[in-house]
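See below for the structure under consideration.
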Amino acid sequence: MYAVEQLALDLTALSFVALAVAAVVEWFRQRGRAQGMLALSLLLLGIVAILGRLQTLTGTSPWIGAFSLILFLGCGYFVLQFRDAFVPLRRGTQLAAAALLAAAALVGIAITLASPRPSAVVATLAGLFIVLTWGLFIGEPVVRFWLASGGLPAVQRIRMRTLSFGFAVLILLVLVAVLGGSAIQSPVGVIAVQLVALAMVPVIYVSVAPPTLLRSIWRMGEQAQLRAAIQDLLIFSPNPRVLAEQAVGWAMRLLGAHAAFIVDPEGKVMASRNVGESAIVDIMKRRGEAGDGRGPTREGVTLLVAPLRLTEGTGFLGVIAGPFTPLFGTDEISQLNGYASSVAAGIERTRVTERMAAIEKHKSQFLNLASHELRGPMTVIRGYGSMLQSGMLGELNERGQKAAGVMMAKIMEMNAMIEQMIEAARLEDESLIIKPEEADLRAIVKHAVESMEPMIDETHEVKLSLPGRPVPVKVDADRVQTIVTNLIDNALKYSPDGGEVTCTVTLRGGLGRVAVKDGGVGIATADLPVLFTRFGRVSNPRTNHLPGTGLGLYLGRQLARLQGGDITVDSEPGEGSTFTLHLPAIEKASAAAPTERSEAAI
Amino acid sequence: MSLTLLASHARLPDFCGRPSEPAFPWDLAFSRPKGASPDRRLEVLVVEDDTTIADMYRLQLEYDGYGVTLVTTGQAALKALKASRPDIILLDLLLPDRSGLEVMVELKQTHADHPPVVILSNYGEPAMIERGLALGAVEYLVKSRVSPDSVSRSIPGWIERGRSGETPRQQ
């Protein structure tokens with residue numbers, strides 16, 4: 001049993017030495033006051049463990065005992081200083097702690113070096129005082145860390161809590177060892193205590209220098225959340241600024257960093273957290289001097305900077321480690337790089353969205369311009385034009401009459417273009433409202449043809465062919481009339497040599513059709529795809545001089561499609577074209593009686 | 001829906017040169033040949049801040065035998081209504097001091113039996129038309145799509161419609 005007991009003690013001592021070495025190495029890599037204090041504390045604990053074992057080998061020496069006691073107290077004191085690096089202690093508290101340290105050290109020295117040896121009661125009381133002092137030095141940070149860890153990113157939180165837990169168990173063990181008396185002095189008790197202490201070594205170790213695997217496990221919860229949030233982040237952020245700010249927060253959570261920042265390609269800080277602008281400028285400057293500034297860089301293990309590849313250049317996403325950030329390893333570099341490319345894509349997206357919004361704004365401004373700035377003067381020109389033509393302003397001679405007629409025709413053409421542009425803009429921003437009502441397609445087409453009559457010159461003839469029975473449809477009659485008049489207008493326009501234009505209404509297979517056929521210039525097959533595009537006009541030497549916005553057929557097809565129909569074309573160059581408007585017919589019963597409107601139209 | 005017929009007709013030709021041909025369906029029912037005006041001269045209040053448009057309308061309306069009062073602001077319109085009661089109001093929507101729609105709201109509150117209002121605006125957006133009609137306008141016209149003579153000829157019909165309480169939407 002003794003051998004086992006000694007083995008347990010040896011193992012524990014060795015573990016604490018290993019822990020001390022790990023902490024010192026970690027401090028060497030990260031530097032910083034906090035890491036230094038923690039390393040110092042664990043180093044002292046390691047030495048205490050060695051001295052303890054040495055005493056069993058060399059026999060008890062009061063000097064070594066006194067020395068261990070001081071180191072032991074120092075271990076606690078430096079944990080307190082470690083805590084001070086996070087949340088500074090008040091000056092009074094610092095002084096009190098130092099005084100307590102000195103008092104406990106003196107008591108310890110007095111007790112161990114006193115001869116004759118003090119009584120058991122005095123020794124126990126002195127031991128209790130020392131242990132309580134030590135416990136106070138460590139206990140306060142343990143509680144403080146545990147409480148403070150609540151608001152930290154998961155990786156930091158777990159690390160803080162692991163450390164708190166490890167130290168809390170150590171305090172308990174020491175208290176039990178001192179207070180437990182003989183029960184604990186039994187070999188089984190010693191072994192049990194040593195095993196528990198041994199178990200705490202890896203716990204404290206991972207809090208000091210967590211291995212990659214553990215770090216990625218700690219990150220898992222955050223990453224699952226991040227995956228869910230990144231979609232929102234990248235797709236719904238209203239602008240690059242908001243996105244950058246949120247992205248910085250997520251970068252910190254993802255890597256358990258203390259601070260993070262994003263700079264744009266011009267070096268301007270887009271967002272930052274826990275780090276000042278001058279510090280960022282400094283970091284970027286050092287970075288620029290150090291390397292080519294393109295790849296991810298790792299400065300020591302406390303700063304990671306990943307490139308954000310944007311269209312206008314390369315920006316940077318940086319994360320800065322705090323005392324409790326697990327060190328930045330290759331895993332973190334690849335994490336950050338992947339994250340940075342998502343963020344870059346998100347920033348690009350928000351920039352595009354912003355540009356689009358600006359374009360949209362320009363478009364609606366244009367709509368406003370078209371509707372007001374053009375309509376206003378048009379009102380006056382048209383009004384006086386028609387007064388002039390009607391003779392209200394004085395009878396015109398024959399040449400004047402002719403001029404007024406041409407002027408009015410051109411005014412109407414221009415007006416139609418303005419209206420087409422407005423309708424197209426409405427279609428684009430989806431403010432176009434279709435109001436379907438039951439109607440007889442024959443009546444709509446008849447009205448359309450009648451309305452075109454003044455536009456028909458002597459060389460053209462428009463023939464209307466209607467079926468004997470109603471063609472019931474549920475459509476926006478005004479829009480359909482617009483479509484049909486536009487088709488007839490095109491037919492007239494693109495048969496410059498004159499001729500016959502036929503407009504035939506049919507009802508077959510549940511579809512009402514309006515076919516407008518001309519014998520004009522026709523359209524080459526290659527040109528057909530252009531016809532229905534916005535501003536699409538067929539380039540043809542015979543028709544290039546004809547006015548038009550290139551919106552008529554685009555609008556016609558869109559309006560037809562909005563009502564469940566379509567426009568198709570059949571054409572042969574030199575032979576003429578047939579444009580057909582298809583509209584779904586409705587059940588006859590519901591449209592048996594022609595509506596008042598279509599009657600009025602007839 | 002004769003209203004939308006006017007408001008959305010890109011290709012609706014202008015018949016202003018042919019007074020014998022009615023431009024609007026209701027003209028069939030309400031048009032009156034010139035000279036057949038009622039005993040009393042009909043009074044029109046034109047609320048329009050663009051004086052070129054206002055003058056043009058005055059020219060046409062006076063030519064057709066109407067009495068015309070021109071005002072350029074909403075405030076002036078309300079004041080004019082206190083002084084005398086016109087038979088019809090032609091109301092622009094974009095006025096220097098307030099919108100025509102606001103004028104209509106005030107009219108409703110202060111003059112329960114106000115004369116029929118015809119909106120003559122350069123706004124042709126469906127939402128605007130809806131609002132104008134919902135506020136009780138007997139007609140909503142886009143200025144650039146009509147000419148003064150067609151408006152002038154339609155006035156008796158609108159007055160009649162205002163009297164019968166009929167609105168274009170109830171047709």
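Going by the structure tokens order, chains are called A, B, ..., each with residues numbered from 1, while ligands are numbered from 1 in the order shown.
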Cut-off 6 Å: closest chain A/chain B atom pairs per residue, using only C-alpha atoms, as a tab-separated table:
```
residue	atom	partner	partner_atom	distance
A:His372	CA	B:Asn122	CA	5.7
A:Arg375	CA	B:Ser144	CA	5.3
A:Met378	CA	B:Ser144	CA	5.7
A:Thr379	CA	B:Ser144	CA	4.2
A:Val380	CA	B:Ile53	CA	5.8
A:Gly383	CA	B:Ser147	CA	4.9
A:Ser386	CA	B:Cys16	CA	5.8
A:Gln389	CA	B:Gly17	CA	5.9
A:Ser390	CA	B:Gly17	CA	4.7
A:Ala416	CA	B:Ala10	CA	5.0
A:Glu419	CA	B:Ala10	CA	5.4
A:Asp478	CA	B:Leu5	CA	5.4
```
Write a file of the just-selected residues containing C-alpha atoms, as a compact mmCIF listing (two decimals), in the first residue's frame.
```
# COMPACT_ATOMS: atom_id res chain seq x y z
CA HIS A 372 -44.42 65.06 -64.51
CA ARG A 375 -46.51 65.34 -69.07
CA MET A 378 -47.22 67.88 -73.13
CA THR A 379 -50.53 68.98 -71.64
CA VAL A 380 -50.06 72.50 -72.91
CA GLY A 383 -54.15 71.43 -75.60
CA SER A 386 -55.93 70.72 -80.61
CA GLN A 389 -56.48 72.38 -85.23
CA SER A 390 -60.11 72.87 -84.29
CA ALA A 416 -47.85 57.40 -76.59
CA GLU A 419 -47.06 56.54 -71.66
CA ASP A 478 -58.10 48.92 -71.31
```
Pick out the residues sitting within 8 Å of Ala77 of chain B, and hand them over as a ChimeraX atom specification; count only C-alpha atoms, and ignore anything fewer than 6 positions along from it in its own chain. /B:45,47,71
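Secondary structure by DSSP on the backbone puts the following residues of segment 328-465 of chain A in strand (DSSP E or B): A:Glu437, A:Glu438, A:Ala439, A:Asp440, A:His460, A:Glu461, A:Val462, A:Lys463, A:Leu464, A:Ser465.
All residues of protein, DNA or RNA that reach within 7 Å of segment 33-38 of chain A, judged by only C-alpha atoms and not counting those fewer than 6 positions away in the chain, are Trp27, Phe78, Val79, Gln81, Phe82, Ala85 and Pro323 of chain A.
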Could you turn the residues from that selection into a file that holds N, CA and C atoms, as a compact mmCIF listing (two decimals), in the first residue's frame?
```
# COMPACT_ATOMS: atom_id res chain seq x y z
N TRP A 27 3.42 30.68 -21.96
CA TRP A 27 3.73 32.10 -21.71
C TRP A 27 4.79 32.58 -22.69
N PHE A 78 -0.02 34.72 -7.10
CA PHE A 78 0.08 35.01 -8.54
C PHE A 78 -1.21 34.69 -9.30
N VAL A 79 -2.00 33.76 -8.73
CA VAL A 79 -3.32 33.55 -9.34
C VAL A 79 -4.15 34.83 -9.18
N GLN A 81 -2.88 37.79 -8.97
CA GLN A 81 -2.34 38.77 -9.92
C GLN A 81 -2.81 38.48 -11.35
N PHE A 82 -2.98 37.19 -11.63
CA PHE A 82 -3.51 36.78 -12.92
C PHE A 82 -4.92 37.37 -13.12
N ALA A 85 -4.92 40.96 -13.91
CA ALA A 85 -4.67 41.30 -15.31
C ALA A 85 -5.97 41.43 -16.09
N PRO A 323 -6.18 37.20 -23.28
CA PRO A 323 -5.49 36.26 -22.41
C PRO A 323 -6.16 34.89 -22.42
```
Find the spatial neighbours of Asp232 of chain A, counting only C-alpha atoms, within a cut-off of 12 Å - ignore same-chain residues fewer than 6 positions away - and output them as an NGL selection string. :A and (225-226 or 238 or 242-243 or 246-247 or 343 or 346)
Restricted to C-alpha atoms, what would the selected residues look like written as a tab-separated table (two decimals), in the first residue's frame?
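As a result, out-v2.tsv now contains:
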```tsv
chain	number	residue	atom	x	y	z
A	225	GLN	CA	-25.12	28.73	-34.64
A	226	LEU	CA	-22.86	30.56	-37.02
A	238	PRO	CA	-28.98	45.90	-45.32
A	242	VAL	CA	-24.03	46.54	-40.65
A	243	LEU	CA	-22.68	43.38	-42.19
A	246	GLN	CA	-21.99	41.71	-37.27
A	247	ALA	CA	-19.23	39.81	-39.05
A	343	VAL	CA	-17.80	37.75	-45.38
A	346	GLY	CA	-21.52	39.14	-48.18
```
Once DSSP has gone over the backbone, tell me which residues of segment 196-325 of chain A are in helix (DSSP H, G or I), as number ranges by chain. A: 196-208, 212-236, 240-255, 277-290
Please provide as a PDB file with C-alpha atoms, in the first residue's frame all residues within 8 Å of Leu95 of chain B, with the sequence filter that same-chain residues fewer than 6 positions apart are discarded (counting only C-alpha atoms).
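Once written, part.pdb looks like this:
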```
ATOM      1  CA  GLU B  48     -54.026  74.702 -61.023  1.00  0.00           C
ATOM      2  CA  ASP B  49     -50.631  76.160 -60.158  1.00  0.00           C
ATOM      3  CA  THR B  72     -53.260  78.459 -57.840  1.00  0.00           C
ATOM      4  CA  THR B  73     -53.234  77.113 -54.278  1.00  0.00           C
ATOM      5  CA  GLY B  74     -55.319  74.841 -52.105  1.00  0.00           C
TER       6      GLY B  74
END
```
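If you look at atom CA of Ile119 of chain B and atom CA of Lys79 of chain B, they are 18.6 Å away from each other.
Excluding Glu26 of chain A itself and any same-chain residue fewer than 6 positions from it, the protein and nucleic acid residues within 8 Å of it, counting only C-alpha atoms, are Gln35, Ala39, Val208 and Ala209 of chain A.
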Please provide the set of residues having any atom within 8 Å of segment 556-571 of chain A, restricted to only C-alpha atoms, with same-chain residues fewer than 5 positions apart removed, written as a ChimeraX atom specification. /A:434,436,475-476,479-480,482-483,486,522-525,532,576-584
